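Structure record follows, encoded as structure tokens.
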Amino acid sequence: MYLKLLRPKDWAKNLFLFIPLFFAREFLDQSKLVNLLFGFFAFSFIASSIYIINDYRDREDDRKHPTKCKRPLASGAVSPAAAITICAMLIMGGFSIAWITNQEFVVVLAVYFLLNLAYCFGLKNIAILDIFILAAGFVLRIKSGSVIGHVPLSEWIIIMVLLLAIFMAIGKRRDDVLLKINSGADMRKSIKGYNLELLNVLLSVVASIIVVAYLMYTMSPEVKQRLHTYRLYYTGVFVLAGLMRYLQLIYVSEDSGSPTRILYKDRFIQITLLLWITSFAIILYFEDVPIFNILRNFLYSK
């Protein structure tokens, strides 16, 4: 139960730290990968401390939720005193690792911690703002990866990550609205500022912007010149497929809860993500390998 308190499954979100290095074509640099691994654990510890603080404050409301009632604090499996002690240890451990890794990273991590602390203590009750704070957390993750890996952060990456995070946060809020409709109880105060009609429109708008922004990114002259390839637009098919699948889960299966849980259980999204990463890796890192040159020449000859 103590491990469950840390929500290690949600640590998958912190893999966003590796994105800047991947897009900078420096993912094979072992020294930077090691530093990013330390950064990953530092960020995960701080994120877990925020989860504990949030669960501590919401433990009464979580007992009314069909799934959150199973959380260690809400169920009573872990005492509040033990949770606070673990939280303090995580904060000290996380910032200590961050200080050893990169001092600029400490600043970014502190911004993340304070922003989410404010979120836990009231900002999460403000509709729309709560979505943007959740999305800002992902932008701070890639910013952390940028400062740790000493690679520049493209404005395109910031835009894409922000849009994707907003999209997933809207889906999560839609799930909260469905729970309210089915149970009649408000699972969070910000839900009063949402309804299904608004969230359905927001999902459609943001999904459309994501597709357009991604294609503009892949065909941007600046990106083509920096990455020395014009073939990035090939990967757009996997982005579109992933978005369509996520929308299918939301509207058809009505399964729009935790994006992390969906990632762990949905085979279609897992395969799509794997194909996207693989195609990007081939284009960025292995385009000049002879076998791919032969394949490309064969396709063009047709």
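Residues are named by chain letter and number: chains run A, B, ... in the order of the structure tokens, numbers start at 1 in each chain, and ligands are numbered from 1 in the order shown.
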Skipping near chain neighbours, those fewer than 6 positions away, what residues fall within 12 Å of A:Asp29 using only C-alpha atoms, listed as a PDB file with N, CA and C atoms, in the first residue's frame?
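Okay, around_37.pdb is ready:
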ATOM      1  N   PHE A  18      12.584  12.907 -21.610  1.00  0.00           N
ATOM      2  CA  PHE A  18      13.496  12.395 -22.633  1.00  0.00           C
ATOM      3  C   PHE A  18      13.178  12.933 -24.027  1.00  0.00           C
ATOM      4  N   LEU A  21      15.801  15.410 -25.875  1.00  0.00           N
ATOM      5  CA  LEU A  21      17.013  14.732 -26.324  1.00  0.00           C
ATOM      6  C   LEU A  21      16.729  13.884 -27.564  1.00  0.00           C
ATOM      7  N   PHE A  22      15.575  13.256 -27.588  1.00  0.00           N
ATOM      8  CA  PHE A  22      15.196  12.418 -28.728  1.00  0.00           C
ATOM      9  C   PHE A  22      15.078  13.259 -29.996  1.00  0.00           C
ATOM     10  N   ASN A  35      22.181  11.301 -16.986  1.00  0.00           N
ATOM     11  CA  ASN A  35      21.702  12.481 -16.262  1.00  0.00           C
ATOM     12  C   ASN A  35      20.181  12.576 -16.317  1.00  0.00           C
ATOM     13  N   LEU A  36      19.617  12.254 -17.483  1.00  0.00           N
ATOM     14  CA  LEU A  36      18.160  12.302 -17.619  1.00  0.00           C
ATOM     15  C   LEU A  36      17.492  11.234 -16.769  1.00  0.00           C
ATOM     16  N   GLY A 149      19.642  17.855 -20.366  1.00  0.00           N
ATOM     17  CA  GLY A 149      20.365  17.358 -21.527  1.00  0.00           C
ATOM     18  C   GLY A 149      21.146  18.416 -22.276  1.00  0.00           C
ATOM     19  N   HIS A 150      20.985  19.687 -21.864  1.00  0.00           N
ATOM     20  CA  HIS A 150      21.674  20.805 -22.516  1.00  0.00           C
ATOM     21  C   HIS A 150      21.376  20.831 -24.019  1.00  0.00           C
ATOM     22  N   VAL A 151      20.085  20.692 -24.339  1.00  0.00           N
ATOM     23  CA  VAL A 151      19.657  20.773 -25.728  1.00  0.00           C
ATOM     24  C   VAL A 151      18.595  21.866 -25.843  1.00  0.00           C
TER      25      VAL A 151
END
Please identify all polymer residues within 9 Å of A:Asn200, counting only C-alpha atoms, omitting same-chain residues fewer than 6 positions from it, and present them as a VMD selection string. chain A and resid 170 to 171 174 251
Write out the residues from the selection above, keeping N, CA, C and O atoms, as a PDB file, in the first residue's frame.
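File part_18.pdb, as written:
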ATOM      1  N   ILE A 170      -8.801  17.485 -20.913  1.00  0.00           N
ATOM      2  CA  ILE A 170     -10.217  17.669 -21.241  1.00  0.00           C
ATOM      3  C   ILE A 170     -10.938  16.323 -21.193  1.00  0.00           C
ATOM      4  O   ILE A 170     -12.053  16.210 -20.667  1.00  0.00           O
ATOM      5  N   GLY A 171     -10.298  15.291 -21.745  1.00  0.00           N
ATOM      6  CA  GLY A 171     -10.888  13.962 -21.698  1.00  0.00           C
ATOM      7  C   GLY A 171     -11.110  13.480 -20.275  1.00  0.00           C
ATOM      8  O   GLY A 171     -12.119  12.842 -19.961  1.00  0.00           O
ATOM      9  N   ARG A 174     -14.057  15.248 -18.821  1.00  0.00           N
ATOM     10  CA  ARG A 174     -15.294  14.683 -19.369  1.00  0.00           C
ATOM     11  C   ARG A 174     -15.696  13.438 -18.593  1.00  0.00           C
ATOM     12  O   ARG A 174     -16.892  13.206 -18.357  1.00  0.00           O
ATOM     13  N   TYR A 251     -15.853   8.610 -26.765  1.00  0.00           N
ATOM     14  CA  TYR A 251     -17.234   8.741 -27.215  1.00  0.00           C
ATOM     15  C   TYR A 251     -17.973   7.402 -27.338  1.00  0.00           C
ATOM     16  O   TYR A 251     -19.179   7.333 -27.102  1.00  0.00           O
TER      17      TYR A 251
END
Which residues are near A:Ala110? Cut-off 12 Å, only C-alpha atoms, ignore same chain within fewer than 3 positions. Put them as a CSV table (one decimal) with C-alpha atoms, in the first residue's frame.
chain,number,residue,atom,x,y,z
A,42,ALA,CA,13.9,13.3,-9.1
A,43,PHE,CA,10.8,14.4,-11.0
A,46,ILE,CA,8.4,15.3,-6.4
A,47,ALA,CA,5.4,14.3,-8.5
A,50,ILE,CA,2.2,16.1,-4.9
A,91,ILE,CA,10.5,16.1,-1.3
A,92,MET,CA,14.0,16.0,0.2
A,94,GLY,CA,13.8,14.6,-5.1
A,95,PHE,CA,15.4,18.0,-4.7
A,96,SER,CA,18.6,16.5,-3.5
A,98,ALA,CA,18.0,17.4,-8.8
A,99,TRP,CA,20.7,19.5,-7.2
A,103,GLN,CA,21.1,23.2,-10.6
A,104,GLU,CA,19.0,24.9,-13.3
A,105,PHE,CA,16.8,21.8,-13.2
A,106,VAL,CA,16.2,22.5,-9.5
A,107,VAL,CA,14.6,25.8,-10.4
A,113,PHE,CA,6.2,21.8,-7.2
A,114,LEU,CA,4.9,25.2,-6.3
A,115,LEU,CA,2.5,25.3,-9.2
A,116,ASN,CA,1.0,21.9,-8.3
A,117,LEU,CA,1.0,22.8,-4.6
A,137,GLY,CA,3.1,20.3,-15.8
A,140,LEU,CA,7.8,21.8,-17.4
A,141,ARG,CA,8.7,18.1,-17.9
A,144,SER,CA,13.5,19.8,-17.4
From the list A:Leu227, A:Lys172, A:Leu162, A:Val212, which residue is nearest A:Phe132 when using only C-alpha atoms?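 Comparing A:Leu227, A:Lys172, A:Leu162, A:Val212 against A:Phe132, the winner is A:Leu162.
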Rounded to one decimal in Å, what is the spacing between atom CA of A:Ala213 and atom CA of A:Asp175?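 Atom-to-atom, atom CA of A:Ala213 and atom CA of A:Asp175 are spaced 25.9 Å apart.
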Using only C-alpha atoms, find the one residue out of A:Lys143, A:Arg261, A:Lys180, A:Arg231 that sits nearest to A:Phe16.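 The shortest atom-to-atom distance to A:Phe16 comes from A:Lys143.
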Mind listing the alpha helix (DSSP H) residues of stretch 93-187 of chain A, per DSSP on the backbone, as a PDB file with N, CA and C atoms, in the first residue's frame?
ATOM      1  N   GLY A  93      14.390  13.980  -0.992  1.00  0.00           N
ATOM      2  CA  GLY A  93      15.119  13.121  -1.914  1.00  0.00           C
ATOM      3  C   GLY A  93      15.087  13.647  -3.337  1.00  0.00           C
ATOM      4  N   GLY A  94      13.912  14.107  -3.773  1.00  0.00           N
ATOM      5  CA  GLY A  94      13.766  14.611  -5.131  1.00  0.00           C
ATOM      6  C   GLY A  94      14.624  15.828  -5.407  1.00  0.00           C
ATOM      7  N   PHE A  95      14.596  16.801  -4.498  1.00  0.00           N
ATOM      8  CA  PHE A  95      15.383  18.022  -4.714  1.00  0.00           C
ATOM      9  C   PHE A  95      16.878  17.763  -4.523  1.00  0.00           C
ATOM     10  N   SER A  96      17.230  16.812  -3.694  1.00  0.00           N
ATOM     11  CA  SER A  96      18.648  16.466  -3.521  1.00  0.00           C
ATOM     12  C   SER A  96      19.210  15.871  -4.807  1.00  0.00           C
ATOM     13  N   ILE A  97      18.467  14.943  -5.405  1.00  0.00           N
ATOM     14  CA  ILE A  97      18.904  14.349  -6.668  1.00  0.00           C
ATOM     15  C   ILE A  97      18.968  15.407  -7.763  1.00  0.00           C
ATOM     16  N   ALA A  98      17.988  16.298  -7.770  1.00  0.00           N
ATOM     17  CA  ALA A  98      17.960  17.358  -8.777  1.00  0.00           C
ATOM     18  C   ALA A  98      19.161  18.278  -8.642  1.00  0.00           C
ATOM     19  N   TRP A  99      19.544  18.596  -7.396  1.00  0.00           N
ATOM     20  CA  TRP A  99      20.687  19.482  -7.160  1.00  0.00           C
ATOM     21  C   TRP A  99      21.977  18.849  -7.667  1.00  0.00           C
ATOM     22  N   ILE A 100      22.116  17.559  -7.446  1.00  0.00           N
ATOM     23  CA  ILE A 100      23.310  16.855  -7.918  1.00  0.00           C
ATOM     24  C   ILE A 100      23.329  16.774  -9.447  1.00  0.00           C
ATOM     25  N   THR A 101      22.145  16.639 -10.035  1.00  0.00           N
ATOM     26  CA  THR A 101      22.038  16.457 -11.489  1.00  0.00           C
ATOM     27  C   THR A 101      22.295  17.749 -12.250  1.00  0.00           C
ATOM     28  N   GLN A 103      21.699  22.214 -11.461  1.00  0.00           N
ATOM     29  CA  GLN A 103      21.133  23.234 -10.586  1.00  0.00           C
ATOM     30  C   GLN A 103      20.019  24.027 -11.260  1.00  0.00           C
ATOM     31  N   GLU A 104      20.100  24.185 -12.571  1.00  0.00           N
ATOM     32  CA  GLU A 104      19.003  24.860 -13.279  1.00  0.00           C
ATOM     33  C   GLU A 104      17.741  23.995 -13.247  1.00  0.00           C
ATOM     34  N   PHE A 105      17.936  22.694 -13.255  1.00  0.00           N
ATOM     35  CA  PHE A 105      16.819  21.754 -13.153  1.00  0.00           C
ATOM     36  C   PHE A 105      16.087  21.931 -11.827  1.00  0.00           C
ATOM     37  N   VAL A 106      16.818  22.261 -10.773  1.00  0.00           N
ATOM     38  CA  VAL A 106      16.201  22.495  -9.459  1.00  0.00           C
ATOM     39  C   VAL A 106      15.162  23.610  -9.549  1.00  0.00           C
ATOM     40  N   VAL A 107      15.486  24.664 -10.300  1.00  0.00           N
ATOM     41  CA  VAL A 107      14.569  25.802 -10.447  1.00  0.00           C
ATOM     42  C   VAL A 107      13.292  25.361 -11.156  1.00  0.00           C
ATOM     43  N   VAL A 108      13.449  24.626 -12.264  1.00  0.00           N
ATOM     44  CA  VAL A 108      12.278  24.161 -13.014  1.00  0.00           C
ATOM     45  C   VAL A 108      11.436  23.233 -12.145  1.00  0.00           C
ATOM     46  N   LEU A 109      12.095  22.352 -11.408  1.00  0.00           N
ATOM     47  CA  LEU A 109      11.386  21.408 -10.543  1.00  0.00           C
ATOM     48  C   LEU A 109      10.654  22.144  -9.419  1.00  0.00           C
ATOM     49  N   ALA A 110      11.272  23.201  -8.915  1.00  0.00           N
ATOM     50  CA  ALA A 110      10.630  24.002  -7.865  1.00  0.00           C
ATOM     51  C   ALA A 110       9.382  24.703  -8.399  1.00  0.00           C
ATOM     52  N   VAL A 111       9.451  25.197  -9.629  1.00  0.00           N
ATOM     53  CA  VAL A 111       8.275  25.818 -10.253  1.00  0.00           C
ATOM     54  C   VAL A 111       7.147  24.797 -10.381  1.00  0.00           C
ATOM     55  N   TYR A 112       7.510  23.587 -10.822  1.00  0.00           N
ATOM     56  CA  TYR A 112       6.515  22.513 -10.934  1.00  0.00           C
ATOM     57  C   TYR A 112       5.895  22.207  -9.570  1.00  0.00           C
ATOM     58  N   PHE A 113       6.723  22.095  -8.563  1.00  0.00           N
ATOM     59  CA  PHE A 113       6.242  21.763  -7.226  1.00  0.00           C
ATOM     60  C   PHE A 113       5.307  22.848  -6.686  1.00  0.00           C
ATOM     61  N   LEU A 114       5.713  24.105  -6.797  1.00  0.00           N
ATOM     62  CA  LEU A 114       4.905  25.204  -6.264  1.00  0.00           C
ATOM     63  C   LEU A 114       3.600  25.375  -7.037  1.00  0.00           C
ATOM     64  N   LEU A 115       3.677  25.210  -8.363  1.00  0.00           N
ATOM     65  CA  LEU A 115       2.468  25.330  -9.176  1.00  0.00           C
ATOM     66  C   LEU A 115       1.458  24.254  -8.805  1.00  0.00           C
ATOM     67  N   ASN A 116       1.936  23.032  -8.619  1.00  0.00           N
ATOM     68  CA  ASN A 116       1.033  21.947  -8.280  1.00  0.00           C
ATOM     69  C   ASN A 116       0.576  22.007  -6.831  1.00  0.00           C
ATOM     70  N   LEU A 117       1.402  22.609  -5.985  1.00  0.00           N
ATOM     71  CA  LEU A 117       0.982  22.832  -4.604  1.00  0.00           C
ATOM     72  C   LEU A 117      -0.201  23.806  -4.590  1.00  0.00           C
ATOM     73  N   ALA A 118      -0.083  24.867  -5.391  1.00  0.00           N
ATOM     74  CA  ALA A 118      -1.190  25.829  -5.511  1.00  0.00           C
ATOM     75  C   ALA A 118      -2.422  25.156  -6.106  1.00  0.00           C
ATOM     76  N   TYR A 119      -2.187  24.230  -7.032  1.00  0.00           N
ATOM     77  CA  TYR A 119      -3.287  23.473  -7.634  1.00  0.00           C
ATOM     78  C   TYR A 119      -4.015  22.654  -6.562  1.00  0.00           C
ATOM     79  N   CYS A 120      -3.259  21.981  -5.723  1.00  0.00           N
ATOM     80  CA  CYS A 120      -3.848  21.155  -4.659  1.00  0.00           C
ATOM     81  C   CYS A 120      -4.628  21.987  -3.649  1.00  0.00           C
ATOM     82  N   LEU A 129      -8.872  26.819 -15.780  1.00  0.00           N
ATOM     83  CA  LEU A 129      -7.536  27.011 -15.225  1.00  0.00           C
ATOM     84  C   LEU A 129      -6.946  25.676 -14.789  1.00  0.00           C
ATOM     85  N   ASP A 130      -7.780  24.798 -14.238  1.00  0.00           N
ATOM     86  CA  ASP A 130      -7.275  23.494 -13.787  1.00  0.00           C
ATOM     87  C   ASP A 130      -6.689  22.691 -14.949  1.00  0.00           C
ATOM     88  N   ILE A 131      -7.301  22.798 -16.126  1.00  0.00           N
ATOM     89  CA  ILE A 131      -6.806  22.095 -17.309  1.00  0.00           C
ATOM     90  C   ILE A 131      -5.444  22.638 -17.725  1.00  0.00           C
ATOM     91  N   PHE A 132      -5.308  23.960 -17.708  1.00  0.00           N
ATOM     92  CA  PHE A 132      -4.053  24.567 -18.142  1.00  0.00           C
ATOM     93  C   PHE A 132      -2.916  24.297 -17.149  1.00  0.00           C
ATOM     94  N   ILE A 133      -3.236  24.180 -15.875  1.00  0.00           N
ATOM     95  CA  ILE A 133      -2.190  23.857 -14.897  1.00  0.00           C
ATOM     96  C   ILE A 133      -1.701  22.426 -15.110  1.00  0.00           C
ATOM     97  N   LEU A 134      -2.613  21.505 -15.355  1.00  0.00           N
ATOM     98  CA  LEU A 134      -2.215  20.123 -15.646  1.00  0.00           C
ATOM     99  C   LEU A 134      -1.335  20.066 -16.897  1.00  0.00           C
ATOM    100  N   ALA A 135      -1.719  20.830 -17.916  1.00  0.00           N
ATOM    101  CA  ALA A 135      -0.938  20.864 -19.157  1.00  0.00           C
ATOM    102  C   ALA A 135       0.425  21.500 -18.935  1.00  0.00           C
ATOM    103  N   ALA A 136       0.486  22.526 -18.092  1.00  0.00           N
ATOM    104  CA  ALA A 136       1.759  23.200 -17.808  1.00  0.00           C
ATOM    105  C   ALA A 136       2.752  22.240 -17.169  1.00  0.00           C
ATOM    106  N   GLY A 137       2.249  21.272 -16.427  1.00  0.00           N
ATOM    107  CA  GLY A 137       3.134  20.279 -15.815  1.00  0.00           C
ATOM    108  C   GLY A 137       3.911  19.488 -16.852  1.00  0.00           C
ATOM    109  N   PHE A 138       3.289  19.196 -17.977  1.00  0.00           N
ATOM    110  CA  PHE A 138       3.977  18.461 -19.035  1.00  0.00           C
ATOM    111  C   PHE A 138       4.994  19.340 -19.759  1.00  0.00           C
ATOM    112  N   VAL A 139       4.671  20.616 -19.901  1.00  0.00           N
ATOM    113  CA  VAL A 139       5.632  21.549 -20.503  1.00  0.00           C
ATOM    114  C   VAL A 139       6.864  21.684 -19.606  1.00  0.00           C
ATOM    115  N   LEU A 140       6.648  21.704 -18.298  1.00  0.00           N
ATOM    116  CA  LEU A 140       7.775  21.774 -17.361  1.00  0.00           C
ATOM    117  C   LEU A 140       8.600  20.495 -17.385  1.00  0.00           C
ATOM    118  N   ARG A 141       7.967  19.390 -17.720  1.00  0.00           N
ATOM    119  CA  ARG A 141       8.716  18.136 -17.854  1.00  0.00           C
ATOM    120  C   ARG A 141       9.693  18.213 -19.024  1.00  0.00           C
ATOM    121  N   ILE A 142       9.217  18.680 -20.172  1.00  0.00           N
ATOM    122  CA  ILE A 142      10.133  18.755 -21.314  1.00  0.00           C
ATOM    123  C   ILE A 142      11.163  19.870 -21.117  1.00  0.00           C
ATOM    124  N   LYS A 143      10.787  20.911 -20.370  1.00  0.00           N
ATOM    125  CA  LYS A 143      11.767  21.954 -20.042  1.00  0.00           C
ATOM    126  C   LYS A 143      12.866  21.370 -19.165  1.00  0.00           C
ATOM    127  N   SER A 144      12.489  20.508 -18.247  1.00  0.00           N
ATOM    128  CA  SER A 144      13.476  19.835 -17.398  1.00  0.00           C
ATOM    129  C   SER A 144      14.418  18.985 -18.237  1.00  0.00           C
ATOM    130  N   GLY A 145      13.854  18.242 -19.189  1.00  0.00           N
ATOM    131  CA  GLY A 145      14.688  17.435 -20.067  1.00  0.00           C
ATOM    132  C   GLY A 145      15.639  18.272 -20.892  1.00  0.00           C
ATOM    133  N   SER A 146      15.186  19.466 -21.258  1.00  0.00           N
ATOM    134  CA  SER A 146      16.020  20.373 -22.050  1.00  0.00           C
ATOM    135  C   SER A 146      17.213  20.879 -21.249  1.00  0.00           C
ATOM    136  N   VAL A 147      16.994  21.286 -20.006  1.00  0.00           N
ATOM    137  CA  VAL A 147      18.093  21.843 -19.209  1.00  0.00           C
ATOM    138  C   VAL A 147      19.049  20.748 -18.735  1.00  0.00           C
ATOM    139  N   ILE A 148      18.515  19.558 -18.465  1.00  0.00           N
ATOM    140  CA  ILE A 148      19.380  18.460 -18.034  1.00  0.00           C
ATOM    141  C   ILE A 148      20.252  17.979 -19.194  1.00  0.00           C
ATOM    142  N   GLY A 149      19.642  17.855 -20.366  1.00  0.00           N
ATOM    143  CA  GLY A 149      20.365  17.358 -21.527  1.00  0.00           C
ATOM    144  C   GLY A 149      21.146  18.416 -22.276  1.00  0.00           C
ATOM    145  N   GLU A 155      10.164  25.646 -30.083  1.00  0.00           N
ATOM    146  CA  GLU A 155       8.820  26.134 -29.767  1.00  0.00           C
ATOM    147  C   GLU A 155       7.756  25.170 -30.284  1.00  0.00           C
ATOM    148  N   TRP A 156       8.080  24.433 -31.344  1.00  0.00           N
ATOM    149  CA  TRP A 156       7.136  23.457 -31.879  1.00  0.00           C
ATOM    150  C   TRP A 156       6.875  22.341 -30.864  1.00  0.00           C
ATOM    151  N   ILE A 157       7.909  21.881 -30.207  1.00  0.00           N
ATOM    152  CA  ILE A 157       7.743  20.814 -29.214  1.00  0.00           C
ATOM    153  C   ILE A 157       6.894  21.309 -28.041  1.00  0.00           C
ATOM    154  N   ILE A 158       7.148  22.532 -27.615  1.00  0.00           N
ATOM    155  CA  ILE A 158       6.366  23.113 -26.520  1.00  0.00           C
ATOM    156  C   ILE A 158       4.887  23.167 -26.893  1.00  0.00           C
ATOM    157  N   ILE A 159       4.603  23.651 -28.107  1.00  0.00           N
ATOM    158  CA  ILE A 159       3.219  23.766 -28.571  1.00  0.00           C
ATOM    159  C   ILE A 159       2.552  22.398 -28.637  1.00  0.00           C
ATOM    160  N   MET A 160       3.260  21.411 -29.209  1.00  0.00           N
ATOM    161  CA  MET A 160       2.677  20.092 -29.374  1.00  0.00           C
ATOM    162  C   MET A 160       2.399  19.431 -28.028  1.00  0.00           C
ATOM    163  N   VAL A 161       3.346  19.515 -27.112  1.00  0.00           N
ATOM    164  CA  VAL A 161       3.159  18.902 -25.792  1.00  0.00           C
ATOM    165  C   VAL A 161       2.035  19.594 -25.028  1.00  0.00           C
ATOM    166  N   LEU A 162       1.980  20.927 -25.113  1.00  0.00           N
ATOM    167  CA  LEU A 162       0.914  21.673 -24.435  1.00  0.00           C
ATOM    168  C   LEU A 162      -0.454  21.268 -24.973  1.00  0.00           C
ATOM    169  N   LEU A 163      -0.592  21.201 -26.295  1.00  0.00           N
ATOM    170  CA  LEU A 163      -1.872  20.838 -26.908  1.00  0.00           C
ATOM    171  C   LEU A 163      -2.281  19.417 -26.538  1.00  0.00           C
ATOM    172  N   LEU A 164      -1.331  18.494 -26.595  1.00  0.00           N
ATOM    173  CA  LEU A 164      -1.636  17.099 -26.263  1.00  0.00           C
ATOM    174  C   LEU A 164      -2.061  16.967 -24.808  1.00  0.00           C
ATOM    175  N   ALA A 165      -1.374  17.676 -23.916  1.00  0.00           N
ATOM    176  CA  ALA A 165      -1.711  17.609 -22.492  1.00  0.00           C
ATOM    177  C   ALA A 165      -3.091  18.218 -22.229  1.00  0.00           C
ATOM    178  N   ILE A 166      -3.408  19.324 -22.905  1.00  0.00           N
ATOM    179  CA  ILE A 166      -4.736  19.931 -22.776  1.00  0.00           C
ATOM    180  C   ILE A 166      -5.806  18.958 -23.253  1.00  0.00           C
ATOM    181  N   PHE A 167      -5.533  18.299 -24.377  1.00  0.00           N
ATOM    182  CA  PHE A 167      -6.476  17.331 -24.943  1.00  0.00           C
ATOM    183  C   PHE A 167      -6.771  16.207 -23.947  1.00  0.00           C
ATOM    184  N   MET A 168      -5.733  15.647 -23.335  1.00  0.00           N
ATOM    185  CA  MET A 168      -5.923  14.560 -22.382  1.00  0.00           C
ATOM    186  C   MET A 168      -6.621  15.043 -21.115  1.00  0.00           C
ATOM    187  N   ALA A 169      -6.308  16.274 -20.680  1.00  0.00           N
ATOM    188  CA  ALA A 169      -6.947  16.816 -19.480  1.00  0.00           C
ATOM    189  C   ALA A 169      -8.440  17.042 -19.709  1.00  0.00           C
ATOM    190  N   ILE A 170      -8.801  17.485 -20.913  1.00  0.00           N
ATOM    191  CA  ILE A 170     -10.217  17.669 -21.241  1.00  0.00           C
ATOM    192  C   ILE A 170     -10.938  16.323 -21.193  1.00  0.00           C
ATOM    193  N   GLY A 171     -10.298  15.291 -21.745  1.00  0.00           N
ATOM    194  CA  GLY A 171     -10.888  13.962 -21.698  1.00  0.00           C
ATOM    195  C   GLY A 171     -11.110  13.480 -20.275  1.00  0.00           C
ATOM    196  N   LYS A 172     -10.162  13.802 -19.409  1.00  0.00           N
ATOM    197  CA  LYS A 172     -10.283  13.409 -17.997  1.00  0.00           C
ATOM    198  C   LYS A 172     -11.441  14.144 -17.324  1.00  0.00           C
ATOM    199  N   ARG A 173     -11.595  15.429 -17.633  1.00  0.00           N
ATOM    200  CA  ARG A 173     -12.701  16.199 -17.063  1.00  0.00           C
ATOM    201  C   ARG A 173     -14.043  15.689 -17.585  1.00  0.00           C
ATOM    202  N   ARG A 174     -14.057  15.248 -18.821  1.00  0.00           N
ATOM    203  CA  ARG A 174     -15.294  14.683 -19.369  1.00  0.00           C
ATOM    204  C   ARG A 174     -15.696  13.438 -18.593  1.00  0.00           C
ATOM    205  N   ASP A 175     -14.728  12.651 -18.202  1.00  0.00           N
ATOM    206  CA  ASP A 175     -15.006  11.467 -17.394  1.00  0.00           C
ATOM    207  C   ASP A 175     -15.596  11.866 -16.047  1.00  0.00           C
ATOM    208  N   ASP A 176     -15.089  12.958 -15.466  1.00  0.00           N
ATOM    209  CA  ASP A 176     -15.621  13.445 -14.187  1.00  0.00           C
ATOM    210  C   ASP A 176     -17.072  13.901 -14.333  1.00  0.00           C
ATOM    211  N   VAL A 177     -17.384  14.541 -15.475  1.00  0.00           N
ATOM    212  CA  VAL A 177     -18.755  14.985 -15.722  1.00  0.00           C
ATOM    213  C   VAL A 177     -19.691  13.792 -15.867  1.00  0.00           C
ATOM    214  N   LEU A 178     -19.229  12.741 -16.555  1.00  0.00           N
ATOM    215  CA  LEU A 178     -20.040  11.527 -16.693  1.00  0.00           C
ATOM    216  C   LEU A 178     -20.305  10.888 -15.337  1.00  0.00           C
ATOM    217  N   LEU A 179     -19.290  10.898 -14.473  1.00  0.00           N
ATOM    218  CA  LEU A 179     -19.477  10.351 -13.124  1.00  0.00           C
ATOM    219  C   LEU A 179     -20.503  11.164 -12.342  1.00  0.00           C
ATOM    220  N   LYS A 180     -20.457  12.482 -12.544  1.00  0.00           N
ATOM    221  CA  LYS A 180     -21.430  13.349 -11.870  1.00  0.00           C
ATOM    222  C   LYS A 180     -22.846  13.043 -12.356  1.00  0.00           C
ATOM    223  N   ILE A 181     -22.992  12.848 -13.670  1.00  0.00           N
ATOM    224  CA  ILE A 181     -24.303  12.549 -14.240  1.00  0.00           C
ATOM    225  C   ILE A 181     -24.832  11.215 -13.718  1.00  0.00           C
ATOM    226  N   ASN A 182     -23.954  10.241 -13.627  1.00  0.00           N
ATOM    227  CA  ASN A 182     -24.368   8.895 -13.218  1.00  0.00           C
ATOM    228  C   ASN A 182     -24.601   8.765 -11.717  1.00  0.00           C
ATOM    229  N   SER A 183     -23.794   9.501 -10.936  1.00  0.00           N
ATOM    230  CA  SER A 183     -23.890   9.359  -9.482  1.00  0.00           C
ATOM    231  C   SER A 183     -24.652  10.496  -8.810  1.00  0.00           C
TER     232      SER A 183
END
Could you pull the residues within 10 Å of stretch 279-282 of chain A, counting only C-alpha atoms, minus those fewer than 2 positions along the same chain, as an NGL selection string? :A and (22-23 or 25 or 27 or 231-235 or 238 or 273-277 or 284-289 or 292)
Non-local contacts of A:Leu6 (10 Å; only C-alpha atoms; under 4 positions in same chain excluded) as a list in words: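 Once the nearby chain positions are removed, what remains is Met1, Tyr2, Asp10, Trp11, Ser44, Phe45, Ile46, Ala47, Ser48, Ser49, Ile50, Tyr51, Ile52, Pro72, Ala83, Ile86, Cys87 and Leu90 of chain A.
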Please compute the atom CA of A:Ile84-atom CA of A:Lys4 distance, one decimal, in Å.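 It comes out at 14.6 Å.
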I want to know what sits within 10 Å of stretch 243-246 of chain A, based on only C-alpha atoms, with residues of the same chain fewer than 2 positions away left out; could you give that as a ChimeraX atom specification? /A:164,167-168,171,207-208,210-211,238-241,248-253,255-256,259,262-263,266,268-269,272
